[in-house]
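*Asks:* Input: one structure, supplied below.
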Amino acid sequence: MTLTRQSAFFEAALTTRHHDLTGHGAWSDKSTQDYFIFVSSFGTVKLRKRHAYPATFARSIGPSLIFGYGNETLGHMIAEQALSNVSEDAFVSEEFLYCTIDCQQQSIVVQRDAVCTMPLFTMEHSDVIALSNRYDQLFNQIDKRQVHINQAALVNYLLFDDRHNQLATGADVLYDRVRFILRDGATHVTYPNHAYIAEKTQEKGHPRFFKEALETTLDTYWERYDTIGFQLSGGLDSATAPGYFASQGKTVVAASFGLPATMGERQRAKLDDMARRFSSLQNHIINLTPEEYFPFSDRITANHWGISHEYQDIHQLAAMQMADYFSRQGITAMFTGVGGDELCQNITNDKIFPFGSAVKEARATAVVPQYMTDKFKILHTKTQEQTPHHQDRPIPTVAYSVILTNIGFNNTFIDRNVWPVAPLSDPKLFLYAQSIPAWYRHDKGLLRAYQFARQFPPSIVYPETLEDFSEFLHFCKPQVCSLLDSFFDVSLLGQHDLIDESSFKDYYTHATRSKYDDSDTRILELIRLLAVEINLRMFQ
Amino acid sequence: MSETKSFNTYNHTSPEVQTERLELTETEVDERFAAIVKAEEVLAATNHDERELREATSLYKPSQGYDINSMKAAG
C-alpha cells in the first residue's frame, strides 16, 4: 500500500511584515483544475475546488479576495454584522465558511458557521500568519525550531486528553461561530455572546414532536447533499439515518469499520440484522486487523511521522480506507452517527468545559502517574490553578465533543472530497432535543423510541451488549509497545525531565502485557505520550 | 464496554405498539411513537425513583467517550 501526504483543503499563508500599506496591488489568479490559487505580495490562498454541497468559491475584485464554502450569502450577511447582532436562526441554518482578505489593507476576516465540519487552525509566528484545515500545514511557512511547547497544553493533553490549547505556541483552533480578524497588524478572535444550552432550559419542548423534528432534519439533509453514503457502526446512533432512508425506499450505501474477535462477531450480527431489516442497505466492511490498522500505522506506511498527532484519529488508516471506498462509489457526502450521545445528553454548562468548577475540581485532585517526575507534578498543579484565557467562550451550538470529533476525524474524508455530515448534531435538532425534559432523553430514550416505532432490529434498539474499540486496541498492544520502545529508549520527554524513562518503561511494559480488560484505558494514555514525543521531535 | 444495557423504560410490549409486521404505514409509525411518548408521560408522573435517576446530570469526561480518540465507536 502506498500513501501520499494529502495537501490541505484550505491553506492560506500570509505575511504581516509589510506595514506601509502601499503598492501591494491585486491578486493573481493561478487557479488550476483542482484548486483555487490566488497570489499577492501579501500572501497566498489555496482552496480545493468542490462542486457538490458545500461547494467552494473564490474570486478577487481588485485588492479583495472573497472565498469559502457553503452558503456564501449567509456567510457574507453574518460577517457584515456585529456578532452580537446575529440571530440564532441565521447561525444554525446552513454550512458556510466565509473569508475576505484585502491585500492592500492587509486585513483578514474569517467567519465560521455553527457546525465547523472542516477543522480550521491558525498560526501566528514572527511575521507570518497561516490558516489551514490541516494542523501540520501551519508549519510549512515557519522555522519549526523556533516553535516552543505550551507546557500547560502538554499537561492537559497528557493527563486529560484536553486539546483546548495547542502544544505549539502560536497555534490555535477556530471553533464554532467565531470571527478571526487581522487589522492594523493585530489579530483578534471574537465570540458570539450566547450560551445556548443554558438559555434553552426556559421553554420545554415536547417529546411528541421529536420524530417530526428528526425526520425533517434528515429530509432536509437528503435534499441538501449530493450522492450520500453512510457510516454504520452497528450501534444505535449511526443506524438512525440509514434505517430511515431505507424505510423510505432509498438505496443506502454504507460502510463499517469491522472489529475483530468477540466484539467483531457481535457487531457483524447487528449489521446483518440491519441488512435483513432494510433490504436496500448495501454495507461494505473494512476489517480492522490489528497487524495492519494499529495506531500510527498510517504514518509508518507513509514513512512520514508528520506533526499533527495531537489531532490524529487513532484509526486513521481505516478511515482512509473508508474514505477511499466512498470516493470510488462516487459518494460526496458521508452521514455519520456522530452527535447521537450529545443529542440526548444531560449536562450543565459547569460540566462541559475544562474551566467549569466541577471539572476543575476533578482535575485538581487527579492522581498523576508514577512515571511523571516531580517537575511534571508541579506543572500539573500550576496548570490547574491558572485560569484559561478562553473562560468567557460561549457554549457551542453543537456539542463541544462533536467539534472535537470533527477536528480529529473529518480531514481524512474532506481530503478525498467526501464531506462528513453528522445529522444528529444538526444545531437546530440539537437545541430542540436539549429543550425536551431530561426524562425522555435519558439513555438515548428519544432515539430508541423512534427506532422502535420504525421497527429497527431489537439488537440495535435495545442491545444486550455494546461494542467499541477496546478489544481491537488490546490486540494492537504489541505494535504500540514496539513503537514505545523505539521512541522512549531516549526520549525528549525524559530529557526535559517530565517523565522518568525507566519507570515509564516498567509502566508501559506492564500495560501492554496485561490481559484484556475493557475498563483498562491505559492504551489511550500511552498513545497520547507517543503523540507528544513525536511532536516534540518534529520541533527540534 | 461490554456492559449490558437495560431497555425497559417504556412498555414496548404494550398492545398499542406491538406488531409482527415490519412494513408499517407512516400513520402506524406515528401512532407507535405517540403511544411510546404517552406511556413515558404516565411513567414520568408516577415513578419518582426513576425520575431521580433519569434527571441526574453527567460530568464531562473528555477522554472517556466524548471524542474519536476514545474507546467508543463513532456512532
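In the C-alpha cells, chains take the letters A, B, ... in the order shown, each chain's residues start at 1, and ligands count up from 1 in the order shown.
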Out of segment 421-495 of chain A, which residues get alpha helix (DSSP H) from DSSP, as a PyMOL selection string?
*Replies:* chain A and resi 427-435+438-441+445-453+458-461+470-475+477-488+492-495
*Asks:* Fewer than 6 positions away in the same chain doesn't count, so skip those; otherwise give me all residues within 12 Å of Asn140 of chain A, counting only C-alpha atoms, as number ranges by chain.
*Replies:* A: 7-8, 11-14, 123, 125, 128-132, 134, 306-307
*Asks:* Could you list, as a ChimeraX atom specification, every residue of chain A that has an atom within 6 Å of an atom of chain B, counting only C-alpha atoms?
*Replies:* /A:161,237-238,337-338,346-347,351-352,401,405,438-439,442,453-454,462,464-466,468-470,518
*Asks:* Excluding Asp489 of chain A and any residue of its chain fewer than 5 positions from it, enumerate the residues within 10 Å of it, using only C-alpha atoms, and give them as a PyMOL selection string.
*Replies:* chain A and resi 484+494+501-502+505
*Asks:* Write the residues of the preceding selection, restricted to C-alpha atoms, as a PDB file, in the first residue's frame.
*Replies:*
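Result file again.pdb:
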ATOM      1  CA  LEU A 484       7.164   2.944  22.633  1.00  0.00           C
ATOM      2  CA  GLY A 494      12.798  12.294  29.514  1.00  0.00           C
ATOM      3  CA  GLU A 501      12.147   6.769  31.444  1.00  0.00           C
ATOM      4  CA  SER A 502      12.920   3.713  33.500  1.00  0.00           C
ATOM      5  CA  LYS A 505       9.209   1.557  30.605  1.00  0.00           C
TER       6      LYS A 505
END
*Asks:* What does the distance between atom CA of Arg441 of chain A and atom CA of Gly339 of chain A come to in Å, to one decimal place?
*Replies:*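 Spanning atom CA of Arg441 of chain A to atom CA of Gly339 of chain A is a straight-line distance of 13.4 Å.
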*Asks:* For a test of reading the model, state the distance in Å between atom CA of Tyr311 of chain A and atom CA of Gly408 of chain A, rounded to one decimal.
*Replies:*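 Going from atom CA of Tyr311 of chain A over to atom CA of Gly408 of chain A, I get 4.9 Å.
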*Asks:* Pick from A:Ile286, A:Val86, A:Val532, A:Ala168: nearest to Met320 of chain A, with only C-alpha atoms counted?
*Replies:*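 Going through A:Ile286, A:Val86, A:Val532, A:Ala168 one by one, the smallest distance to Met320 of chain A is for A:Ile286.
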*Asks:* What does the structure give for the distance between atom CA of Leu431 of chain A and atom CA of Gln451 of chain A, in Å to one decimal?
*Replies:* 20.5 Å
*Asks:* So which residues touch Asp102 of chain A within 8 Å, counting only C-alpha atoms, skipping near sequence neighbours fewer than 6 positions away, as a PyMOL selection string?
*Replies:* chain A and resi 63-65+108
*Asks:* With DSSP run on the backbone, what are the strand (DSSP E) residues within segment 160-372 of chain A? I'd like them as an NGL selection string.
*Replies:* :A and (171-173 or 179-183 or 186-190 or 228-231 or 252-258 or 281-287 or 333-335)
*Asks:* Can you tell me, as JSON, numbers by chain, what residues are no more than 12 Å from Phe430 of chain A when counting only C-alpha atoms, ignoring any on the same chain fewer than 4 positions away?
*Replies:* {"A": [92, 114, 115, 196, 197, 200, 205, 210, 213, 214, 217, 338, 339, 340, 341, 342, 343, 344, 345, 346, 396, 397, 398, 399, 400, 402, 422, 423, 424, 425, 426, 434, 435, 436, 441]}
*Asks:* Hey, which of A:Asn287, A:Ser280, A:Ser87, A:Thr373 ends up closest to Pro192 of chain A? Count only C-alpha atoms.
*Replies:*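 Between A:Asn287, A:Ser280, A:Ser87, A:Thr373, the residue approaching Pro192 of chain A most closely is A:Ser87.
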